[in-house]
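Here is the structure we will look at, set down as structure tokens.
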Amino acid sequence: MPAPGFKRGFKRKRKKSPRWLVERVERYVTELRHSDRPEEVGNAKNQLVVYEGRSFRAFAIELTGSDRLIFGVDRSRETPVVILDRVCNHKAAYGKD
């Protein structure tokens with residue numbers, strides 16, 4: 001489930017990104033969708049993903065040396081729901097180079 005603005009931002013970034021990077025993002029999104037423990041796919045971060053007024057722990061997947069896919073997991077439901085937050089560079093994900 002994409003957070004507000006994810007689809008719009010990803011569509012914009014998708015047009016400018018190399019095809020292999022877009023395919024990598026789509027592969028990880030599919031992996032997250034089918035995983036029983038999506039938290040184990042990414043690395044935990046000290047930030048939160050906010051969705052529908054609720055906060056969730058953020059996780060990051062390294063796409064390239066500088067690009068990350070940020071997501072959260074809502075475990076309040078019977079099956080976990082992955083909340084896609086953004087695709088960004090390392091500095092935006094971690095606040096440093």
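Naming scheme: A, B, ... for chains in displayed order of the structure tokens; residues 1 onward per chain; ligands 1 onward as shown.
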
- Message: Let's see if you can do this: from backbone DSSP, list all helix (DSSP H, G or I) residues in chain A, as JSON, numbers by chain.
- Response: {"A": [6, 7, 8, 9, 10, 11, 12, 13, 14, 15, 16, 19, 20, 21, 22, 23, 24, 25, 26, 27, 28, 29, 30, 31, 32, 33, 34, 38, 39, 40, 90, 91, 92, 93, 94]}

Take the residues just selected and output them with C-alpha atoms as a JSON list (two decimals), in the first residue's frame.
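The new file out31.json reads:
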```json
[["chain", "number", "residue", "atom", "x", "y", "z"],
["A", 6, "PHE", "CA", 4.58, 7.59, -3.32],
["A", 7, "LYS", "CA", 2.90, 6.72, -6.62],
["A", 8, "ARG", "CA", 3.15, 10.29, -7.92],
["A", 9, "GLY", "CA", 6.80, 10.60, -6.90],
["A", 10, "PHE", "CA", 7.70, 7.15, -8.18],
["A", 11, "LYS", "CA", 6.04, 7.79, -11.56],
["A", 12, "ARG", "CA", 8.01, 11.01, -11.91],
["A", 13, "LYS", "CA", 11.27, 9.38, -10.86],
["A", 14, "ARG", "CA", 10.54, 6.30, -12.98],
["A", 15, "LYS", "CA", 10.61, 8.34, -16.19],
["A", 16, "LYS", "CA", 14.07, 9.69, -15.36],
["A", 19, "ARG", "CA", 15.20, 0.75, -16.64],
["A", 20, "TRP", "CA", 17.28, -1.63, -14.49],
["A", 21, "LEU", "CA", 16.65, 0.52, -11.39],
["A", 22, "VAL", "CA", 12.89, 0.60, -12.00],
["A", 23, "GLU", "CA", 12.93, -3.19, -12.44],
["A", 24, "ARG", "CA", 14.87, -3.57, -9.18],
["A", 25, "VAL", "CA", 12.30, -1.45, -7.30],
["A", 26, "GLU", "CA", 9.44, -3.48, -8.80],
["A", 27, "ARG", "CA", 11.19, -6.75, -7.87],
["A", 28, "TYR", "CA", 11.60, -5.66, -4.23],
["A", 29, "VAL", "CA", 7.99, -4.44, -4.06],
["A", 30, "THR", "CA", 6.86, -7.88, -5.27],
["A", 31, "GLU", "CA", 9.14, -9.57, -2.73],
["A", 32, "LEU", "CA", 7.73, -7.41, 0.07],
["A", 33, "ARG", "CA", 4.17, -8.11, -1.04],
["A", 34, "HIS", "CA", 4.66, -11.90, -0.84],
["A", 38, "PRO", "CA", 8.70, -8.07, 5.25],
["A", 39, "GLU", "CA", 10.76, -6.46, 8.03],
["A", 40, "GLU", "CA", 13.49, -9.03, 7.36],
["A", 90, "HIS", "CA", 21.35, 7.60, 0.99],
["A", 91, "LYS", "CA", 21.49, 11.12, 2.45],
["A", 92, "ALA", "CA", 17.70, 11.54, 2.40],
["A", 93, "ALA", "CA", 17.27, 8.10, 3.97],
["A", 94, "TYR", "CA", 19.85, 8.42, 6.74]]
```

- Message: Need to verify the contact set: range 55-63 of chain A, 9 Å, only C-alpha atoms, exclusion of same-chain residues closer than 5 positions in sequence. Can you return it as a list in words?
- Response: Leu21, Arg24, Val25, Tyr28, Glu39, Val41, Gly42, Asn43, Ala44, Lys45, Asn46, Gln47, Leu48, Val49, Val50, Arg68, Leu69, Ile70, Phe71, Gly72, Val73, Asp74, Ile83, Asp85, Val87, His90 and Ala93 of chain A

With N, CA and C atoms retained, export the selected residues as an mmCIF file, in the first residue's frame.
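Produced file result18.cif, reproduced below:
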```
data_model
loop_
_atom_site.group_PDB
_atom_site.id
_atom_site.type_symbol
_atom_site.label_atom_id
_atom_site.label_comp_id
_atom_site.auth_asym_id
_atom_site.auth_seq_id
_atom_site.Cartn_x
_atom_site.Cartn_y
_atom_site.Cartn_z
ATOM 1 N N LEU A 21 16.986 0.066 -12.740
ATOM 2 C CA LEU A 21 16.654 0.520 -11.390
ATOM 3 C C LEU A 21 15.147 0.387 -11.140
ATOM 4 N N ARG A 24 14.420 -3.169 -10.520
ATOM 5 C CA ARG A 24 14.868 -3.571 -9.181
ATOM 6 C C ARG A 24 13.846 -3.144 -8.124
ATOM 7 N N VAL A 25 13.324 -1.920 -8.238
ATOM 8 C CA VAL A 25 12.296 -1.453 -7.302
ATOM 9 C C VAL A 25 11.070 -2.357 -7.396
ATOM 10 N N TYR A 28 11.660 -5.727 -5.694
ATOM 11 C CA TYR A 28 11.596 -5.661 -4.232
ATOM 12 C C TYR A 28 10.168 -5.446 -3.742
ATOM 13 N N GLU A 39 9.739 -7.193 7.288
ATOM 14 C CA GLU A 39 10.765 -6.460 8.031
ATOM 15 C C GLU A 39 12.149 -7.052 7.795
ATOM 16 N N VAL A 41 13.347 -8.198 5.080
ATOM 17 C CA VAL A 41 13.873 -7.876 3.749
ATOM 18 C C VAL A 41 14.736 -6.622 3.805
ATOM 19 N N GLY A 42 14.375 -5.669 4.684
ATOM 20 C CA GLY A 42 15.106 -4.401 4.782
ATOM 21 C C GLY A 42 15.856 -4.258 6.088
ATOM 22 N N ASN A 43 16.571 -3.155 6.212
ATOM 23 C CA ASN A 43 17.310 -2.822 7.425
ATOM 24 C C ASN A 43 16.514 -1.795 8.218
ATOM 25 N N ALA A 44 16.394 -2.018 9.531
ATOM 26 C CA ALA A 44 15.653 -1.093 10.392
ATOM 27 C C ALA A 44 16.346 0.261 10.442
ATOM 28 N N LYS A 45 15.542 1.325 10.518
ATOM 29 C CA LYS A 45 16.060 2.693 10.612
ATOM 30 C C LYS A 45 15.546 3.342 11.883
ATOM 31 N N ASN A 46 16.135 4.450 12.249
ATOM 32 C CA ASN A 46 15.698 5.195 13.434
ATOM 33 C C ASN A 46 14.668 6.254 13.084
ATOM 34 N N GLN A 47 13.942 6.053 12.004
ATOM 35 C CA GLN A 47 12.920 6.995 11.573
ATOM 36 C C GLN A 47 11.574 6.283 11.539
ATOM 37 N N LEU A 48 10.522 7.061 11.312
ATOM 38 C CA LEU A 48 9.176 6.513 11.235
ATOM 39 C C LEU A 48 8.551 6.808 9.887
ATOM 40 N N VAL A 49 7.674 5.931 9.463
ATOM 41 C CA VAL A 49 6.841 6.132 8.283
ATOM 42 C C VAL A 49 5.455 6.462 8.810
ATOM 43 N N VAL A 50 4.878 7.574 8.373
ATOM 44 C CA VAL A 50 3.548 7.981 8.831
ATOM 45 C C VAL A 50 2.544 7.691 7.720
ATOM 46 N N ARG A 68 17.837 4.103 -2.028
ATOM 47 C CA ARG A 68 17.149 3.259 -1.052
ATOM 48 C C ARG A 68 15.645 3.267 -1.295
ATOM 49 N N LEU A 69 14.994 2.152 -0.966
ATOM 50 C CA LEU A 69 13.538 2.043 -0.941
ATOM 51 C C LEU A 69 13.141 2.034 0.534
ATOM 52 N N ILE A 70 12.354 3.023 0.961
ATOM 53 C CA ILE A 70 11.946 3.158 2.361
ATOM 54 C C ILE A 70 10.510 2.658 2.503
ATOM 55 N N PHE A 71 10.268 1.828 3.524
ATOM 56 C CA PHE A 71 8.935 1.289 3.749
ATOM 57 C C PHE A 71 8.695 1.049 5.236
ATOM 58 N N GLY A 72 7.440 0.878 5.592
ATOM 59 C CA GLY A 72 7.041 0.517 6.948
ATOM 60 C C GLY A 72 6.124 -0.688 6.874
ATOM 61 N N VAL A 73 5.848 -1.299 8.033
ATOM 62 C CA VAL A 73 4.985 -2.476 8.063
ATOM 63 C C VAL A 73 3.919 -2.281 9.142
ATOM 64 N N ASP A 74 2.665 -2.425 8.741
ATOM 65 C CA ASP A 74 1.530 -2.339 9.663
ATOM 66 C C ASP A 74 1.165 -3.762 10.070
ATOM 67 N N ILE A 83 3.846 -0.559 3.787
ATOM 68 C CA ILE A 83 3.559 0.823 3.413
ATOM 69 C C ILE A 83 4.793 1.373 2.717
ATOM 70 N N ASP A 85 7.021 4.086 1.322
ATOM 71 C CA ASP A 85 7.152 5.508 1.641
ATOM 72 C C ASP A 85 7.819 6.281 0.515
ATOM 73 N N VAL A 87 11.391 6.277 -2.614
ATOM 74 C CA VAL A 87 12.685 5.874 -3.152
ATOM 75 C C VAL A 87 13.535 7.123 -3.091
ATOM 76 N N HIS A 90 20.855 7.966 -0.347
ATOM 77 C CA HIS A 90 21.351 7.603 0.986
ATOM 78 C C HIS A 90 21.221 8.754 1.975
ATOM 79 N N ALA A 93 17.704 9.215 3.141
ATOM 80 C CA ALA A 93 17.268 8.096 3.968
ATOM 81 C C ALA A 93 17.874 8.140 5.362
#
```

- Task: as a PyMOL selection string, please: all residues of range 1-87 of chain A that backbone DSSP puts in strand (DSSP E or B).
- Result: chain A and resi 2+43-51+54-62+67-74+81-87

- Message: Between CA of Cys88 in chain A and CA of Thr64 in chain A, what distance in Å does the model show, to one decimal?
- Response: 10.5 Å

- Task: Just give me the gap between CA of Leu84 in chain A and CA of Asp36 in chain A in Å, one decimal is fine.
- Result: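 Here the two named atoms are 16.1 Å from each other.
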